[in-house]
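Single-structure report; data block below.
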Amino acid sequence: VFRQLFDKDLVYQGYKVMPFSMACGTPLSNFEAGLNYKDVRDPAVVVNFPLVDDESVSFVAWTTTPWTLPSNIALCVHPTMDYVKIEDKKTGSKYILSKGRLPQLYPIMNNKKKWKPDKAGEHFEVLESMKGADLVGKKYKPVFDFFVGTEGSDQYFRVISDTYVTDDAGTGIVHQAPAFGEDDYRVCLAHGVIAKGKDLPCPVDGNGCFTDQVPPVTGKNVKDADDTLIKLLKESGRLVQKDNLDHSYPFCWRSDTPLIYKAVPSWFIKVEEIRDKIVANNNKTYWVPNQVKEGRFHNWLVDARDWAVSRNRFWGTPIPIWASEDMSEVVCIGSIDELAELSGVRVDDLHRETVDKIEIPSKKNPGTVLRRVDEVFNCWFESGSMPYAQQHYPFENKERFEKGFPADFIAEGLDQTRGWFYTLMVLATALFDEPAFKNLIVNGLVLAGDGKKMSKRLKNYPDPNLVISKYGADALRLYLINSPVVRAESLKFQEAGVLGVVKEVFLPLYNAFRFFLQNVERWEENGDKFVPSADKVKATTNPTDVWISAATQGLIKYVHEEMAAYRLYTVMPALVTFVTQLTNWYVRLNRDRLKGLEGDDAEAEAETGLQVLYDVLLDVTMLMAPFTPFITEYFYQELRKMQPSYKDRVDGGGASNPVMPGKSDSVHYLPLPKYDESRLNEDAVQAMEALQAIVELGRNAREKRNISLRTPIKSVAVVLRNPSQVVVDGITGPLKTYILSELNAWDFQVIPKENEHDWVTLSLIPDFKILGKKLGKNMKAAKAKITGLTHDEAVAALESGSLEVEGVAIDTKTEVVSKLSFSKEGEEWEATPSQEGDVVVAIDCTQDEAILSAGKSRELINHVQQLRKAAGLDLKDTVEVFFDEEEGVVSTENAVAMNVSLFETKFKGNVPLPKKFAPSWSVPLRSDNVEVGGSKVEVSICRPALAVKNGLPDSASMFLSTVDAATVDAGATLSCTVDGASHTVKEGEDFWLSAAAMVKATKAVSWMS
């Protein structure tokens, strides 16, 4: 890479000002320079610089490093700062300095108690005012003449400008010694005072001592030379002021000696020469978030300077330049073969201890040799070379590299804006005039929960291994993917957030998965084998099947779109919403159906629902696999067993695995599922959204009246603002039964538009943000008129699309907000409007005997279900239910009497009966004392037993008590001999398969006829 840049004339040797350890004789990194600060006292002097064209006037500059003054070659001012020329009343001297920094020469001005503006005339007179820009170009007499007449000095000793100059210290004029200041070097280079690749005044050696270029202090350490130089300044009349400054100063962390900033010879890449190309290539890339690309990174690129790629270290990759001692002959090596050809030495190890020994015979000066320069590469040059170096291009993998360059995608932290992202872009542009990557996600920083940087010393973060052990790697992955960190913002890590992923996503999804497996197992007990069928899924007409299939396809489409746009952070919210839809709505609405408890052909309905649920679970498993690789692999290994291709699997087949669910060993061998356009159904989705809104608002209305969900309500009325006919047809047609079931209601209606005024009032509210600008002072009157419209007037305004207020036409579609509020009279009604004001759900809260008894029945059913669960029964297990009320109380019996058909459906004909009808040989499986409608009741579930008619001989009854009811068919005749007496009994006449059948046949209670 470096050789290519060298051949393109993009490499030169210049200087880089760096922290420098005089004791170690080596530059340090900025990080190392910040390791050891100490409080020190340094001399602070103000020096004058007479103007060439008027020596009676001088610029004055302040410095805490007098030892740099021999190397001064320019003065710097701020272009927009105010400057003044003054005459000092005491000495008659004339000075130019910043207006705001007069207190530097007259410290009394800092004493607010003693100083008054009218006292200024006692100390100085302002002769002239000017801006810093007016001073640029003026020449001055150098403070020392050590570099007068040297090469390039015709550009020295003049005023230049830069905005880094401040007025918070000094005189607002900064003396420039480019060999000893990073800003000095930058500004002098920008103004042509010095030139790239040329020498600059630097009379200090590698040990921090002056060279013979400054005879008065030759051999002295720079810090020891201050006193001598200050004495010379005083003798020459150039010292205006001398003081001391206590401040914090960097020391070498190795030697504990003061650091200086010093220009060090460095190798540079000519970034400025290709800067426009770099900016153009950046515009070809796609970043998330885009503002980093167009803001921070773009701004860095347009101001990019030449890049110093060398470092003075031992450990590092040697820069492959061999040169003569005077640098008149320079050779850049591009390969091991070339080095062997020129030197006669072949090596495989390219570290310093090997290559530094190699010499190359000079071609220009036979008999002399070229030696490798001392520097090694900055590690960022190596990072930027990664696309080529990792494939050993161009020596190997040429075709492979060229097919994969630029890279499709990279990701790194925000701190790499000036690091890896930058070096990749610079080198790719220099080499190929292309960006190194097409797409980039900028990651933010993960901070501790208190917002501080994570610190091992402070231990202000949980151990990642413990977090993974506790919640799983998938939960941590999804937590981070859903955080601001994937859009270049900081994340305050909260362990509770990882737990939230488990609760909101994994547990609900796992429960749906487990529920599916349990019910497939139950369904297969009929002797059939569950085989996934896409045709059955597509053929279903169940509205919830159609909806969840459409929602799944919509999720697949959405994830593809978001991944194509590299927006990781949008996926988690969509997954949470979908999992909620799947578990809280689809599975819950279809729970009985999936259990085979619903419909005339219950098992066929159950299979259809299971087919749809399998299809959804498999799609979601494949879709989530890249985000949550472990839990999805677990799901897949179970789901694949149901695929016909599973029998042909070759576990561990690796890359030979076919891309086929079931046969493929892992979900990670499968591509993301593609969405099926034909199954996207916006109508079904909208109808289901309406159902969910109605159910949630209806429940809220119930809660307002403290009506339990087990207690039915007579009716539900809904007003929808401008619903589509599809939505109305859906919720009044196939979805109506779900609404009635979810709200435990007996009737449901959507109020026709022509009758809406009897139920609700439509009101309009101005959008103050929009209309405030549009109407100005008329806003108050407009608000009164808009909010004062009647229902009919508001409807008319919305339908016409406009409304005139104070002579101004208002767009009622975009400039006002409409809301519905319930207005029907009658205490029996309770209503809840949606937050958006476009839906109102009202419920009839009338509580008559029929309603109350139905509520008690629901309570009894719930208690029976709890007993079944406690007894460990399966869905297929049949039981008989008996209850025993307190003497004289018939509340539960009356409730059962009024809801016989409900119990027959729920308990497969075994209607709960008073305990007195239980055969004496009934075996209780579980019983409990509970409350039903406020009354105490003992409820028991018993193993099914044959019930006999009154008057049947005891011996016959004793025989029937031993017979398993499940082994007897309806109408069957049984014979037995007990104690020599023979009996023949017939089902339906002498005995029955259950107590309920007996009570019904014998009309033992009037309500079981």
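How things are named: the first chain in the structure tokens is A, the next is B, and so on; residues count from 1 in each chain; ligands count from 1 in the order shown.
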
Item checked: Neighbour list for A:Tyr95 as a ChimeraX atom specification, cut-off 7 Å, only C-alpha atoms, skip fewer than 5 positions in-chain -> /A:57-60,85-87

For the interface of stretch 731-794 of chain A with stretch 809-829 of chain A (cut-off 6 Å, counting only C-alpha atoms), please tabulate each contacting residue of stretch 731-794 of chain A alongside its nearest pair of atoms and their separation in Å to one decimal, rows sorted by chain and increasing number, as a tab-separated table.
residue	atom	partner	partner_atom	distance
A:Trp759	CA	A:Lys824	CA	4.6
A:Val760	CA	A:Phe822	CA	4.4
A:Thr761	CA	A:Ser821	CA	5.3
A:Leu762	CA	A:Leu820	CA	4.7
A:Ser763	CA	A:Lys819	CA	5.5
A:Leu764	CA	A:Ser818	CA	4.6
A:Ile765	CA	A:Val817	CA	5.1
A:Pro766	CA	A:Val816	CA	4.4
A:Asp767	CA	A:Val816	CA	5.0

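Residue nearest A:Val890, chosen from A:Val264, A:Ala534, A:Ala496, A:Val932 and counting only C-alpha atoms: A:Val932.
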
Note to self: Using only C-alpha atoms, which protein or nucleic acid residues come within 7 Å of A:Ala965? Drop anything in the same chain fewer than 4 positions from it, and give the result as a ChimeraX atom specification.
What the structure shows: /A:944-946,993

Keeping N, CA, C and O atoms for every residue in the selection just given, could you write it to a file as a PDB file, in the first residue's frame?
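To be explicit, this is the file written out as again07.pdb:
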ATOM      1  N   PRO A 944     -65.935 -39.874  36.435  1.00  0.00           N
ATOM      2  CA  PRO A 944     -67.257 -40.256  35.930  1.00  0.00           C
ATOM      3  C   PRO A 944     -67.691 -41.616  36.495  1.00  0.00           C
ATOM      4  O   PRO A 944     -66.897 -42.564  36.562  1.00  0.00           O
ATOM      5  N   ALA A 945     -68.952 -41.685  36.927  1.00  0.00           N
ATOM      6  CA  ALA A 945     -69.491 -42.930  37.506  1.00  0.00           C
ATOM      7  C   ALA A 945     -70.911 -43.146  36.992  1.00  0.00           C
ATOM      8  O   ALA A 945     -71.632 -42.190  36.680  1.00  0.00           O
ATOM      9  N   LEU A 946     -71.307 -44.418  36.898  1.00  0.00           N
ATOM     10  CA  LEU A 946     -72.661 -44.720  36.466  1.00  0.00           C
ATOM     11  C   LEU A 946     -73.650 -44.305  37.566  1.00  0.00           C
ATOM     12  O   LEU A 946     -73.388 -44.486  38.760  1.00  0.00           O
ATOM     13  N   LEU A 993     -75.057 -43.089  32.071  1.00  0.00           N
ATOM     14  CA  LEU A 993     -73.585 -42.929  32.003  1.00  0.00           C
ATOM     15  C   LEU A 993     -73.076 -41.820  32.909  1.00  0.00           C
ATOM     16  O   LEU A 993     -71.872 -41.726  33.155  1.00  0.00           O
TER      17      LEU A 993
END

Note to self: With only C-alpha atoms as the counted atoms, please give the residues lying no more than 9 Å from stretch 412-417 of chain A, apart from itself and same-chain residues fewer than 3 positions off, as a list of chain:residue names.
What the structure shows: A:Val292, A:Lys293, A:Arg296, A:Phe297, A:Trp300, A:Trp420, A:Phe421, A:Tyr422, A:Leu440, A:Ile441, A:Val442, A:Asn443, A:Gly444, A:Leu445, A:Val485, A:Ala488, A:Glu489

Item checked: Selected residue, from A:Asp877, A:Glu125, A:Glu495, A:Asp838, that lies nearest to A:Lys94 when counting only C-alpha atoms -> A:Glu125

Note to self: Which residues are near A:His247? Cut-off 8 Å, only C-alpha atoms, ignore same chain within fewer than 4 positions. Put them as a PyMOL selection string.
What the structure shows: chain A and resi 39-42

Keeping C-alpha atoms for every residue in the selection just given, could you write it to a file as a PDB file, in the first residue's frame?
ATOM      1  CA  ASP A  39       2.185  21.867  39.145  1.00  0.00           C
ATOM      2  CA  VAL A  40       5.246  23.944  38.225  1.00  0.00           C
ATOM      3  CA  ARG A  41       6.405  27.586  38.196  1.00  0.00           C
ATOM      4  CA  ASP A  42       7.651  28.903  34.852  1.00  0.00           C
TER       5      ASP A  42
END
